[in-house]
Each structure stands twice: as C-alpha cells, then as structure tokens.
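Below is one structure, written out as structure tokens; the observations come after it.
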Amino acid sequence: PSFPSLEMEGRGNNSSSGGEQSPSAGDKEGKKFVREPSRSKSSRLPSQVKGGEKTEAEGKHIDDLLDPAYTHRYECADKDATEVLVAQDPLGSLRGGIGATVWDSALVLCRYLEHQKICFQSGCSVLDIGSGTGIVGLVLACSQKRCRVTLSDHPRTLPLLAKNAEMNRKIWESKDSKVKIEALDWCDDSPDAAATIQKWKNERFDIICASDVVIWPELYDPLIRVLSSLLERGGLSVYLSYEQRKKSNEKEFFQKLSRKVPGVSIAKIKAKDLHPDYQSSELHLYLIGSRPTDEKNSDKKTK
C-alpha cells in the first residue's frame, strides 16, 4: 500500500477540546474547555473497510464521533504555560486502537523532556513514532521555538493525529514550529515503507520519542527493525517510555534490540531525574542510543 504524508504546515482542518484526565475518566466538567471549531469537508472520515464490511464511521464528520469531554488538556512548563489540547477516542469510534488515548507513560515522557530541557534548543528536530494522539510531539512543537516534529503511526490513526495537530496549529505556528504527519505500519516491508524509513534516516532527527510501543510482543520484531535502521546513523537518542505490564516481555524487547543493533546503549532513566510529580514504579523511561558513526569507523580501522 502507499503511505500518505499529511503535511500539516499550511492546510486547515478543524478542532475541539476538554480537560486533563486519564483515558477512562469521562468527567463532563471537561466540557468547559471546549473550543467550538469550524467544520470542513476535509474533516470527514474516508471510507474504511474491514472484513468486507463498512465501518459505522464512514463519511461522518470526526467531531460527530468524538466526545469533547474526553479531550486531554496539558499545561506546558514554559513561561507562557502553553496549553496543548489533545482529543481522545477511548470508545473506539475511529477504530484507531489503543493509541487513541493519552496514557500515563506519554505524560511521564513529556514531563521528563520539559524537566530536563531535552531538545529545548531552537530548531530541534523530533520524530515521534507510534504517536497515538500525538501528545509528545505536539508538546514539543507547542512549547519550543522553531521545533520540527514528525508524528508517525499506523495509517488508521491518521484522522485523530491530524485533528490534534490542527487543534493546536495556532500555538505551534506562533512558535515558528512545523508539524507533519506520516503513516508507517511497522509490519510493512514494502518499498514504500522502506522509502519512508530511509527518508527519516536522511532527515537526521535530533531525538526520537516513543511511548507505550512495547505492549504487544508480536510487534517487537517489526518495531526493532525500524529502530535498528534509524540507529544505524549513530549518535541518535531514542527516548522510550512504557507502563510495565509483563516484565519478562519487556526484558525480551531490550534483549532483542541489543542483539539487532551492535553497540547500542540502553539506559534506564533514574527516578531522581524524572519530574518529581510524574513518576511511578510501574512507569519506565529508557534512553537508547548508538555510538556516533565516526567511532564505529574508528573501531573498524583498529580491527
């Protein structure tokens, strides 16, 4: 299949919003944060077919499928206390899977990046893989000057990602930041998917972010294939956060990654370095990196 690139640098969609809460908390008080958007034809969902049956979402306006009471409100730690609003779909109306909600591991990652001022220099370039709602990349785009963010996930998540990027457009444009959305199914080994990964390698991102992407063991190998390709460049930092669900599975992921990427460094971020109010024994954050390319070449010459 072809993989569309939805450029969010100069086109309009629509928006809506709500309050800061967990994915399961549908507190109707959140509606006081609602912003009434303009509605456009581009916000209607394309026809979707699953098992030969059309879904209920076909042709409907995205705002008719999302309850604004579930919208997450994130207040950035910048001097302006910038507010990022992220629509969620915990009821699965868009069929975007578990990535349609803001999970705690994403908040831990956001707060850590702010707390430690990771990628806070002007002009930072970020790739957010398995973006889900897009909250991690959008927080960086909305709180930093001239930040370039690429949000990426499975094609079925694009409608929600596009809505959330558009919802916060005025904020990230005011920062001279840019946000674009690209689809990548980790399991796809087609030439189109390979071209997307190669393009990302050529873009030389400063950091890669990924939250709650190690839930399903059957996706470990495809995800590691993508990460190992990106880490070939050397000198790249990947910040990966997740909620511990089965320790043996997560241990297997890091073991596989170590075998696949020679010389990769995997370090758990210590609790003392996390935001004091955003940490838990069940939430983990790792820094994954490979040595700079010149160091690898030096080793080869030595051998």
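Labels used: A, B, ... for chains in the order of the structure tokens, numbers from 1 for residues in each chain, and numbers from 1 for ligands as shown.
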
*Skip A:Gln244 itself and residues of its chain fewer than 3 positions away, then list as a VMD selection string all residues within 7 Å of it, counting only C-alpha atoms.*
chain A and resid 247 282 to 283

*If you count only C-alpha atoms, which residues fall within 10 Å of A:Leu113, apart from same-chain ones fewer than 4 positions away, as a list in words?*
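Final neighbour list, sorted by chain and number: Leu107, Val108, Leu109, Lys117, Ile118, Cys119, Phe120, Val136, Val139, Leu140, Cys209, Tyr239, Leu274 and His275 of chain A.
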
*Could you work out how far atom CA of A:Leu227 lies from atom CA of A:Val149, giving the answer in Å with one decimal?*
17.4 Å

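Nearest to A:Ser105 of all the residues A:Gln144, A:His72, A:Asp212, A:Ile269 is A:Asp212, based on only C-alpha atoms.
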
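Atom pair atom CA of A:Gly99 / atom CA of A:Thr133 has a distance of 6.4 Å (rounded to one decimal).
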
*asked:* Give me the residues near A:Ile181 as a PyMOL selection string, where near means some atom within 12 Å (using only C-alpha atoms) and where sequence neighbours in that chain fewer than 5 positions away do not count.
replied: chain A and resi 3-9+126-134+137-138+148-155+157-166+196

*What separation in Å, quoted to one decimal, exists between atom CA of A:Lys178 and atom CA of A:Ile207?*
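Separation of atom CA of A:Lys178 and atom CA of A:Ile207: 15.5 Å.
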